[in-house]
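K.L.:
mmCIF, C-alpha atoms and all ligand atoms, saved as model.cif, coming up:
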data_protein
#
loop_
_atom_site.label_atom_id
_atom_site.label_comp_id
_atom_site.auth_asym_id
_atom_site.auth_seq_id
_atom_site.Cartn_x
_atom_site.Cartn_y
_atom_site.Cartn_z
CA MET A 853 75.15 106.71 106.17
CA GLU A 854 75.42 110.05 104.43
CA ASN A 855 76.36 111.28 101.01
CA VAL A 856 79.70 113.04 100.62
CA SER A 857 77.95 116.19 99.33
CA GLY A 858 76.74 116.86 102.90
CA GLY A 859 80.37 117.46 104.01
CA LEU A 860 82.95 115.10 105.46
CA ARG A 861 82.65 115.69 109.17
CA GLY A 862 84.00 112.97 111.41
CA LYS A 863 81.33 112.99 114.12
CA PRO A 864 78.54 111.22 112.20
CA ALA A 865 81.00 108.50 111.14
CA ALA A 866 82.20 108.16 114.74
CA ASP A 867 78.61 107.99 116.02
CA ALA A 868 77.76 105.20 113.55
CA LEU A 869 80.82 103.21 114.65
CA ASP A 870 79.92 103.81 118.30
CA LEU A 871 76.49 102.28 117.79
CA GLU A 872 78.09 99.04 116.59
CA THR A 873 80.64 99.07 119.43
CA LYS A 874 77.92 99.61 122.05
CA GLU A 875 76.02 96.60 120.70
CA THR A 876 79.16 94.41 120.79
CA VAL A 877 79.94 95.56 124.34
CA ARG A 878 76.35 94.96 125.47
CA ALA A 879 76.46 91.37 124.19
CA LEU A 880 79.85 90.76 125.86
CA ARG A 881 78.73 92.22 129.18
CA GLU A 882 75.65 89.95 129.10
CA ARG A 883 78.09 87.05 129.05
CA GLY A 884 80.07 88.52 131.95
CA VAL A 885 82.93 89.92 129.84
CA ILE A 886 83.80 93.56 130.56
CA PRO A 887 85.87 94.89 127.65
CA THR A 888 88.83 96.70 129.21
CA LEU A 889 91.48 99.04 127.82
CA ALA A 890 94.75 99.69 129.64
CA ILE A 891 96.28 103.08 128.89
CA LEU A 892 100.02 103.18 129.47
CA ARG A 893 101.39 106.70 129.64
CA VAL A 894 104.96 107.76 130.44
CA GLY A 895 105.14 111.39 131.54
CA ALA A 896 102.37 113.93 130.93
CA LYS A 897 102.66 115.54 127.48
CA SER A 898 99.72 117.80 126.72
CA GLU A 899 98.89 115.98 123.40
CA ASP A 900 98.81 112.65 125.28
CA LEU A 901 96.60 114.07 128.02
CA SER A 902 94.16 115.50 125.52
CA TYR A 903 93.93 112.24 123.51
CA GLU A 904 93.63 110.29 126.77
CA ARG A 905 90.66 112.43 127.90
CA GLY A 906 88.93 111.82 124.55
CA ALA A 907 89.63 108.09 124.66
CA MET A 908 88.39 107.74 128.24
CA LYS A 909 85.20 109.64 127.47
CA ARG A 910 84.53 107.53 124.39
CA CYS A 911 85.23 104.25 126.20
CA ALA A 912 82.96 105.23 129.11
CA ALA A 913 80.14 106.08 126.67
CA ASP A 914 80.56 102.71 124.95
CA GLY A 915 80.66 100.69 128.20
CA ILE A 916 84.40 99.92 128.01
CA GLU A 917 86.40 100.02 131.23
CA VAL A 918 89.70 101.93 131.25
CA ARG A 919 92.67 101.33 133.54
CA GLN A 920 95.47 103.88 133.56
CA VAL A 921 99.07 102.88 134.13
CA LEU A 922 100.92 106.16 134.67
CA LEU A 923 104.69 106.10 134.81
CA PRO A 924 107.16 108.92 135.49
CA GLU A 925 109.29 110.38 132.70
CA ASN A 926 112.43 108.80 134.25
CA VAL A 927 111.00 105.25 134.41
CA SER A 928 113.55 102.56 133.56
CA GLN A 929 113.24 100.31 130.51
CA ALA A 930 113.03 97.27 132.81
CA GLU A 931 110.16 98.77 134.80
CA LEU A 932 108.28 99.71 131.60
CA LEU A 933 108.72 96.23 130.12
CA GLY A 934 107.62 94.72 133.44
CA ARG A 935 104.40 96.76 133.35
CA ILE A 936 103.72 95.72 129.75
CA GLN A 937 104.33 92.09 130.66
CA ALA A 938 101.88 92.36 133.57
CA LEU A 939 99.21 93.81 131.26
CA ASN A 940 99.87 91.04 128.71
CA GLU A 941 99.32 88.44 131.43
CA ASP A 942 96.24 90.09 132.95
CA SER A 943 93.29 88.23 131.41
CA THR A 944 90.89 91.05 132.35
CA VAL A 945 92.73 93.48 130.04
CA HIS A 946 91.78 93.18 126.36
CA GLY A 947 93.61 96.13 124.81
CA ILE A 948 96.77 98.13 125.53
CA LEU A 949 97.31 101.68 124.31
CA MET A 950 100.83 102.98 124.91
CA PHE A 951 101.41 106.66 124.17
CA ARG A 952 104.27 107.44 121.82
CA PRO A 953 106.78 108.83 121.28
CA LEU A 954 108.29 107.58 124.53
CA PRO A 955 111.02 109.68 126.18
CA LYS A 956 114.35 109.36 124.34
CA THR A 957 115.88 107.44 127.26
CA LEU A 958 113.60 104.46 126.49
CA ASP A 959 113.79 101.90 123.69
CA GLU A 960 110.43 102.45 122.04
CA GLN A 961 110.83 99.66 119.51
CA ALA A 962 111.44 97.11 122.25
CA ALA A 963 108.48 98.43 124.25
CA CYS A 964 106.15 98.15 121.23
CA ALA A 965 107.43 94.67 120.45
CA ALA A 966 106.68 93.59 124.03
CA ILE A 967 102.92 94.17 123.63
CA LEU A 968 100.93 91.04 122.75
CA PRO A 969 99.61 91.47 119.17
CA GLU A 970 96.10 90.38 120.22
CA LYS A 971 96.04 93.26 122.75
CA ASP A 972 97.71 95.72 120.37
CA VAL A 973 94.66 97.91 119.70
CA ASP A 974 96.73 100.74 118.14
CA GLY A 975 98.69 98.66 115.65
CA VAL A 976 102.24 99.21 116.93
CA THR A 977 103.60 95.64 116.89
CA ALA A 978 105.12 93.74 113.98
CA GLY A 979 102.22 91.28 114.39
CA SER A 980 99.68 94.05 113.79
CA MET A 981 101.61 95.37 110.81
CA ALA A 982 101.72 91.88 109.33
CA ALA A 983 97.94 91.63 109.86
CA VAL A 984 97.41 94.89 107.96
CA TYR A 985 99.64 93.78 105.12
CA ALA A 986 98.33 90.21 104.95
CA GLY A 987 94.70 91.14 105.63
CA LYS A 988 94.42 88.55 108.41
CA GLY A 989 95.94 87.59 111.77
CA ALA A 990 96.12 88.97 115.31
CA GLY A 991 96.41 92.68 115.97
CA PHE A 992 94.83 95.78 114.48
CA ALA A 993 95.56 98.61 112.08
CA PRO A 994 96.73 101.88 113.67
CA CYS A 995 93.56 103.71 114.80
CA THR A 996 94.10 106.84 112.66
CA ALA A 997 94.71 104.79 109.51
CA GLU A 998 91.53 102.83 110.07
CA ALA A 999 89.63 106.03 110.91
CA VAL A 1000 90.31 107.18 107.33
CA ILE A 1001 88.64 104.02 106.00
CA ALA A 1002 85.76 104.37 108.48
CA MET A 1003 85.11 107.89 107.15
CA LEU A 1004 85.17 106.72 103.53
CA ARG A 1005 82.83 103.82 104.29
CA TYR A 1006 80.42 106.03 106.19
CA TYR A 1007 80.23 108.54 103.34
CA GLN A 1008 79.97 105.72 100.80
CA VAL A 1009 82.92 106.97 98.79
CA PRO A 1010 83.42 104.41 96.00
CA LEU A 1011 86.82 102.74 96.46
CA ARG A 1012 86.73 99.67 94.23
CA GLY A 1013 88.63 100.53 91.04
CA SER A 1014 89.15 104.13 92.15
CA ARG A 1015 92.50 105.95 91.94
CA ALA A 1016 93.73 106.78 95.44
CA VAL A 1017 96.79 108.88 96.26
CA VAL A 1018 98.22 108.80 99.77
CA VAL A 1019 100.63 111.64 100.56
CA GLY A 1020 102.95 110.39 103.32
CA ARG A 1021 104.63 107.02 103.88
CA SER A 1022 104.96 106.76 107.67
CA LEU A 1023 104.39 103.43 109.40
CA VAL A 1024 101.64 104.99 111.50
CA ILE A 1025 99.53 106.53 108.75
CA GLY A 1026 100.71 106.58 105.11
CA LYS A 1027 101.70 102.94 104.64
CA PRO A 1028 98.82 101.32 106.58
CA VAL A 1029 96.23 103.61 104.92
CA ALA A 1030 97.64 102.57 101.53
CA MET A 1031 97.34 98.88 102.45
CA LEU A 1032 93.79 99.30 103.74
CA LEU A 1033 92.78 101.13 100.54
CA LEU A 1034 94.36 98.35 98.50
CA ALA A 1035 92.27 95.84 100.44
CA GLU A 1036 89.23 97.88 99.36
CA HIS A 1037 90.36 97.39 95.72
CA ALA A 1038 91.51 100.95 95.09
CA THR A 1039 94.52 101.52 92.81
CA VAL A 1040 96.93 103.15 95.22
CA THR A 1041 99.88 105.51 94.72
CA ILE A 1042 102.01 106.44 97.73
CA CYS A 1043 103.73 109.84 97.56
CA HIS A 1044 106.46 111.32 99.76
CA SER A 1045 108.93 114.16 99.98
CA ARG A 1046 110.83 113.02 96.86
CA THR A 1047 107.77 112.58 94.63
CA ALA A 1048 108.20 114.53 91.38
CA ASP A 1049 105.40 116.95 90.42
CA LEU A 1050 103.12 116.09 93.35
CA PRO A 1051 100.27 118.38 92.18
CA ALA A 1052 100.04 116.46 88.88
CA VAL A 1053 99.85 113.15 90.77
CA THR A 1054 97.22 114.26 93.29
CA ARG A 1055 95.07 115.95 90.62
CA GLU A 1056 94.81 112.62 88.77
CA ALA A 1057 93.30 110.88 91.80
CA ASP A 1058 89.67 110.26 92.74
CA LEU A 1059 90.69 110.20 96.40
CA VAL A 1060 93.56 112.00 98.14
CA VAL A 1061 94.62 111.15 101.69
CA ALA A 1062 96.88 113.89 103.07
CA ALA A 1063 99.25 112.76 105.85
CA LEU A 1064 102.44 114.74 105.48
CA GLY A 1065 102.49 116.84 108.63
CA LYS A 1066 102.84 120.26 106.96
CA ALA A 1067 100.36 122.99 107.85
CA GLU A 1068 98.02 123.77 104.93
CA PHE A 1069 100.70 122.63 102.47
CA LEU A 1070 98.34 121.25 99.82
CA GLY A 1071 96.63 124.20 98.13
CA ALA A 1072 94.36 124.66 95.11
CA ALA A 1073 96.96 123.41 92.59
CA TYR A 1074 96.76 119.89 94.07
CA PHE A 1075 93.02 119.34 93.60
CA ARG A 1076 90.16 119.32 91.12
CA ALA A 1077 86.37 119.13 91.15
CA GLY A 1078 84.82 115.79 92.09
CA GLN A 1079 87.67 114.56 94.29
CA THR A 1080 87.35 113.35 97.85
CA VAL A 1081 90.11 114.61 100.15
CA ILE A 1082 90.72 113.19 103.62
CA ASP A 1083 93.00 115.45 105.64
CA VAL A 1084 94.78 113.52 108.38
CA GLY A 1085 97.15 116.33 109.34
CA ILE A 1086 97.06 118.00 112.72
CA ASN A 1087 99.39 121.00 112.86
CA TRP A 1088 99.60 124.10 114.96
CA SER A 1089 99.50 127.23 112.78
CA GLU A 1090 101.50 130.07 114.31
CA THR A 1091 99.92 132.58 111.95
CA LYS A 1092 96.34 131.48 112.63
CA GLN A 1093 96.98 130.46 116.26
CA LYS A 1094 94.85 127.35 115.84
CA LEU A 1095 95.02 123.72 114.67
CA VAL A 1096 95.00 123.22 110.93
CA GLY A 1097 95.36 120.22 108.62
CA ASP A 1098 97.81 119.45 105.81
CA VAL A 1099 95.31 120.79 103.27
CA ASP A 1100 94.43 124.43 102.71
CA THR A 1101 90.75 123.60 103.16
CA GLU A 1102 89.31 126.79 101.72
CA ALA A 1103 91.49 126.76 98.60
CA ALA A 1104 90.83 123.04 98.04
CA ALA A 1105 87.07 123.43 98.47
CA GLN A 1106 87.08 126.21 95.88
CA THR A 1107 88.29 123.71 93.26
CA GLY A 1108 85.14 121.68 93.89
CA ALA A 1109 86.82 118.89 95.87
CA ALA A 1110 85.05 117.54 99.00
CA VAL A 1111 87.45 117.96 101.92
CA SER A 1112 87.31 116.66 105.49
CA PRO A 1113 87.79 119.48 108.02
CA VAL A 1114 90.49 119.86 110.71
CA PRO A 1115 89.53 119.80 113.51
CA GLY A 1116 86.27 117.85 113.30
CA GLY A 1117 87.34 115.34 110.63
CA VAL A 1118 89.42 112.17 110.95
CA GLY A 1119 90.59 113.12 114.44
CA SER A 1120 87.07 112.71 115.83
CA VAL A 1121 86.83 109.16 114.43
CA THR A 1122 90.13 107.91 115.90
CA THR A 1123 88.90 107.27 119.45
CA ALA A 1124 85.76 105.57 118.07
CA VAL A 1125 88.05 103.19 116.17
CA LEU A 1126 90.11 102.63 119.34
CA ALA A 1127 86.95 101.69 121.28
CA SER A 1128 85.85 99.38 118.47
CA HIS A 1129 89.24 97.65 118.55
CA VAL A 1130 88.97 97.03 122.30
CA ALA A 1131 85.49 95.56 121.84
CA ARG A 1132 86.72 93.36 118.99
CA ALA A 1133 89.76 92.23 120.99
CA ALA A 1134 87.41 91.18 123.81
CA GLN A 1135 85.12 89.47 121.30
CA ARG A 1136 88.03 87.56 119.74
CA ARG A 1137 89.19 86.42 123.19
CA ALA A 1138 85.67 85.30 124.04
CA GLY A 1139 85.92 83.13 120.94
CA GLU A 1140 83.22 84.85 118.90
P1 LIG B 1 105.60 111.73 109.56
O1 LIG B 1 106.06 110.49 110.21
O2 LIG B 1 106.39 112.99 109.75
O3 LIG B 1 105.52 111.41 107.98
C1 LIG B 1 105.25 112.42 107.06
C2 LIG B 1 105.30 111.87 105.67
O4 LIG B 1 104.98 112.91 104.76
C3 LIG B 1 106.66 111.31 105.26
O5 LIG B 1 106.52 110.11 104.56
C4 LIG B 1 107.22 112.41 104.35
O6 LIG B 1 108.03 111.93 103.29
C5 LIG B 1 105.96 112.98 103.76
N1 LIG B 1 106.18 114.38 103.37
C6 LIG B 1 106.71 115.38 104.11
N2 LIG B 1 106.78 116.51 103.40
C7 LIG B 1 106.30 116.22 102.18
C8 LIG B 1 106.12 116.98 101.01
N3 LIG B 1 106.48 118.26 100.93
N4 LIG B 1 105.59 116.38 99.92
C9 LIG B 1 105.23 115.07 99.98
N5 LIG B 1 105.36 114.30 101.08
C10 LIG B 1 105.91 114.87 102.16
O7 LIG B 1 104.10 112.09 109.95
P2 LIG B 1 102.89 111.12 110.43
O8 LIG B 1 103.15 110.62 111.80
O9 LIG B 1 102.56 110.15 109.34
O10 LIG B 1 101.72 112.21 110.55
C11 LIG B 1 101.22 112.90 109.43
C12 LIG B 1 100.23 113.95 109.89
O11 LIG B 1 99.12 113.31 110.53
C13 LIG B 1 100.78 114.93 110.95
O12 LIG B 1 100.21 116.22 110.71
C14 LIG B 1 100.25 114.39 112.26
O13 LIG B 1 100.09 115.40 113.24
C15 LIG B 1 98.92 113.87 111.83
N6 LIG B 1 98.33 112.84 112.72
C16 LIG B 1 96.99 112.85 112.84
C17 LIG B 1 96.37 111.92 113.64
C18 LIG B 1 94.86 111.96 113.74
O14 LIG B 1 94.28 111.34 114.63
N7 LIG B 1 94.17 112.65 112.83
C19 LIG B 1 97.11 110.97 114.33
C20 LIG B 1 98.49 110.96 114.16
C21 LIG B 1 99.09 111.90 113.35
P3 LIG B 1 109.47 111.21 103.50
O15 LIG B 1 109.14 109.82 103.94
O16 LIG B 1 110.10 111.27 102.17
O17 LIG B 1 110.18 112.01 104.56
#
Go ahead and render the structure in this file as structure tokens.
P.N.:
Amino acid sequence: MENVSGGLRGKPAADALDLETKETVRALRERGVIPTLAILRVGAKSEDLSYERGAMKRCAADGIEVRQVLLPENVSQAELLGRIQALNEDSTVHGILMFRPLPKTLDEQAACAAILPEKDVDGVTAGSMAAVYAGKGAGFAPCTAEAVIAMLRYYQVPLRGSRAVVVGRSLVIGKPVAMLLLAEHATVTICHSRTADLPAVTREADLVVAALGKAEFLGAAYFRAGQTVIDVGINWSETKQKLVGDVDTEAAAQTGAAVSPVPGGVGSVTTAVLASHVARAAQRRAGE
């Protein structure tokens, strides 16, 4: 573990998580269980392909097998549901990752609902959401939301009794991050596009999680010295011609806040969380 003053890079946190996953996988393999992730991809969007490459590399390094189910953009809903059903019934598959958004012709909600919660390693089913909200049950938190917590744990950021502000209320990031922080005994405020005087709210916090999807939107006025800022945003900046977060990192750092970088922050922890979920799903099935 490292202190936050050394920076908030994702890689060391991902490496620490990987060590634990490798140990879990080693123990499972000794008992003849090969943790296996099925990746279900419809079409070939460049963001999906890039995440898929990262996930496959991480899984291979951790000893997790990956099976790809690749479907054409014009696949029917019945065919997609049939493939999900087959993966649910395949006892050698422990986790299912389905890339979203699906093409508009498909009913994404129905496809997500079809995945067995115990194989839902990216937290897309109602069962997983219930598990995040109730703190127990089958399923997992969405990988990015949990990656935020993994970063905070790794850097030993005190959460109990702290004031946390989450900017963004999506089902994928904002809401689950807020619930996970609550479970860590933080006092959590969730902000969104209608929040009045957002800079005043974020400046009050000990921890700010930025997940609003707006390139470098949060500048110096939103931060103060001594804060921890986790930037979940991934946005393409036309002016800079590169990926940037939701936080103006330079401006925020000048206030004295400790900010996670983009790229190289939360994004690098997400696939490590995915691999850990597959290992845990296999462990749960093995009855450990
Ligand atoms: P989303 O579904 O578009 O949700 C954005 C949220 O931010 C909404 O709740 C919205 O409020 C709020 N918001 C928008 N503008 C705001 C403003 N000016 N002030 C305050 N709140 C505002 O986005 P998402 O899927 O949660 O993703 C958020 C970011 O994370 C994106 O940049 C995305 O690319 C990135 N992301 C990163 C990873 C990773 O691995 N690091 C993974 C997935 C996504 P309303 O609800 O009022 O509209």
K.L.:
Given the choices A:Lys971, A:His1044, A:His946, A:His1129, which gets closest to A:Thr888 if the distance is worked out from all atoms listed in the file?
P.N.:
A:His946
K.L.:
As a quick test: using only C-alpha atoms and all ligand atoms, which residues lie no more than 8 Å away from ligand LIG 1 (chain B)? Give them as JSON, numbers by chain.
P.N.:
{"A": [995, 996, 999, 1019, 1020, 1021, 1022, 1023, 1024, 1025, 1026, 1043, 1044, 1045, 1046, 1047, 1050, 1062, 1063, 1064, 1065, 1066, 1067, 1069, 1083, 1084, 1085, 1086, 1087, 1097, 1098, 1117, 1118, 1119, 1120, 1121, 1122]}
K.L.:
Measure the distance from atom CA of A:Thr873 to atom CA of A:Ser1128 in Å and round it to one decimal.
P.N.:
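Separating atom CA of A:Thr873 from atom CA of A:Ser1128 is a distance of 5.3 Å.
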K.L.:
Record the distance separating atom CA of A:Ile936 and atom CA of A:Glu970, expressed in Å with one decimal.
P.N.:
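One can read the atom CA of A:Ile936 to atom CA of A:Glu970 distance as 13.3 Å.
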K.L.:
Return the single residue from A:Ile948, A:Val984, A:Ala879, A:Leu933 that is closest to A:Glu960, with distances computed using all atoms listed in the file.
P.N.:
A:Leu933
K.L.:
Can you work out the spacing between atom CA of A:Ala962 and atom CA of A:Gly979 in Å, to one decimal?
P.N.:
13.4 Å
K.L.:
Would you list the residues near (99.6, 121.4, 100.3) (no more than 6 Å away, in the coordinates of the file, using all atoms listed in the file) as a PDB file with C-alpha atoms, keeping the file's coordinate frame?
P.N.:
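Wrote it out as out.pdb, contents follow:
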ATOM      1  CA  GLU A1068      98.020 123.770 104.930  1.00  0.00           C
ATOM      2  CA  PHE A1069     100.700 122.630 102.470  1.00  0.00           C
ATOM      3  CA  LEU A1070      98.340 121.250  99.820  1.00  0.00           C
ATOM      4  CA  GLY A1071      96.630 124.200  98.130  1.00  0.00           C
ATOM      5  CA  VAL A1099      95.310 120.790 103.270  1.00  0.00           C
TER       6      VAL A1099
END
K.L.:
Calculated over only C-alpha atoms, which of the candidates A:Ala1109, A:Val1009, A:Leu1032, A:Ile1001 has the smallest distance to A:Thr1054?
P.N.:
A:Ala1109
K.L.:
A:Glu875: which residues within 12 Å, counting all atoms listed in the file, same-chain residues fewer than 3 positions away excluded, as an NGL selection string?
P.N.:
:A and (868-872 or 878-882 or 913-916 or 1128 or 1131-1132 or 1135)
K.L.:
Rank nothing, just name the residue among A:Lys1027, A:Ala1124, A:Arg1137, A:Met950 nearest to A:Ala912, using all atoms listed in the file.
P.N.:
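Distance minimum relative to A:Ala912 lands on A:Ala1124.
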K.L.:
Between A:Cys911, A:Met1003, A:Ala865, A:Leu954, which one has atoms that come closest to A:Ala896, using all atoms listed in the file?
P.N.:
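Of the candidates, the smallest distance to A:Ala896 is held by A:Leu954.
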K.L.:
Tell me which protein, DNA and RNA residues are within 9 Å of A:Val1017, counting only C-alpha atoms, leaving out same-chain ones fewer than 2 positions away, and put them as a ChimeraX atom specification.
P.N.:
/A:1015,1019,1030,1039-1043,1053-1054,1056-1062
K.L.:
Kindly save the residues from that selection, with C-alpha atoms included, as an mmCIF file, in the frame of the given file.
P.N.:
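To be explicit, this is the file written out as result.cif:
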data_model
loop_
_atom_site.group_PDB
_atom_site.id
_atom_site.type_symbol
_atom_site.label_atom_id
_atom_site.label_comp_id
_atom_site.auth_asym_id
_atom_site.auth_seq_id
_atom_site.Cartn_x
_atom_site.Cartn_y
_atom_site.Cartn_z
ATOM 1 C CA ARG A 1015 92.500 105.950 91.940
ATOM 2 C CA VAL A 1019 100.630 111.640 100.560
ATOM 3 C CA ALA A 1030 97.640 102.570 101.530
ATOM 4 C CA THR A 1039 94.520 101.520 92.810
ATOM 5 C CA VAL A 1040 96.930 103.150 95.220
ATOM 6 C CA THR A 1041 99.880 105.510 94.720
ATOM 7 C CA ILE A 1042 102.010 106.440 97.730
ATOM 8 C CA CYS A 1043 103.730 109.840 97.560
ATOM 9 C CA VAL A 1053 99.850 113.150 90.770
ATOM 10 C CA THR A 1054 97.220 114.260 93.290
ATOM 11 C CA GLU A 1056 94.810 112.620 88.770
ATOM 12 C CA ALA A 1057 93.300 110.880 91.800
ATOM 13 C CA ASP A 1058 89.670 110.260 92.740
ATOM 14 C CA LEU A 1059 90.690 110.200 96.400
ATOM 15 C CA VAL A 1060 93.560 112.000 98.140
ATOM 16 C CA VAL A 1061 94.620 111.150 101.690
ATOM 17 C CA ALA A 1062 96.880 113.890 103.070
#
K.L.:
From the list A:Gly1108, A:Pro887, A:Pro864, A:Pro969, which residue is nearest A:Gly1078 when using all atoms listed in the file?
P.N.:
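Among the listed residues, the smallest separation from A:Gly1078 belongs to A:Gly1108.
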K.L.:
Within 12 Å of A:Lys956, counting only C-alpha atoms, which residues qualify if same-chain residues fewer than 6 places away don't, as number ranges by chain?
P.N.:
A: 894-895, 925-929
K.L.:
So which residues touch A:Val921 within 10 Å, counting only C-alpha atoms, skipping near sequence neighbours fewer than 2 positions away, as a ChimeraX atom specification?
P.N.:
/A:890-894,918-919,923,935-936,939,950
K.L.:
Could you give me, as a Markdown table, every stretch 1005-1120 of chain A residue with an atom at most 12 Å from stretch 986-990 of chain A, plus its closest atom pair and distance in Å to one decimal, counting only C-alpha atoms, rows ordered by chain then number?
P.N.:
| residue | atom | partner | partner_atom | distance |
| --- | --- | --- | --- | --- |
| A:Pro1028 | CA | A:Gly987 | CA | 11.0 |
| A:Met1031 | CA | A:Gly987 | CA | 8.8 |
| A:Leu1032 | CA | A:Gly987 | CA | 8.4 |
| A:Leu1033 | CA | A:Gly987 | CA | 11.4 |
| A:Leu1034 | CA | A:Gly987 | CA | 10.1 |
| A:Ala1035 | CA | A:Gly987 | CA | 7.4 |
| A:Glu1036 | CA | A:Gly987 | CA | 10.7 |
K.L.:
Axis-aligned box over every listed atom of stretch 1076-1092 of chain A, padded by 4 Å per side: centre and edges in Å to one decimal, as lines of an AutoDock Vina configuration file?
P.N.:
center_x = 93.2
center_y = 122.9
center_z = 103.0
size_x = 24.7
size_y = 27.4
size_z = 31.8
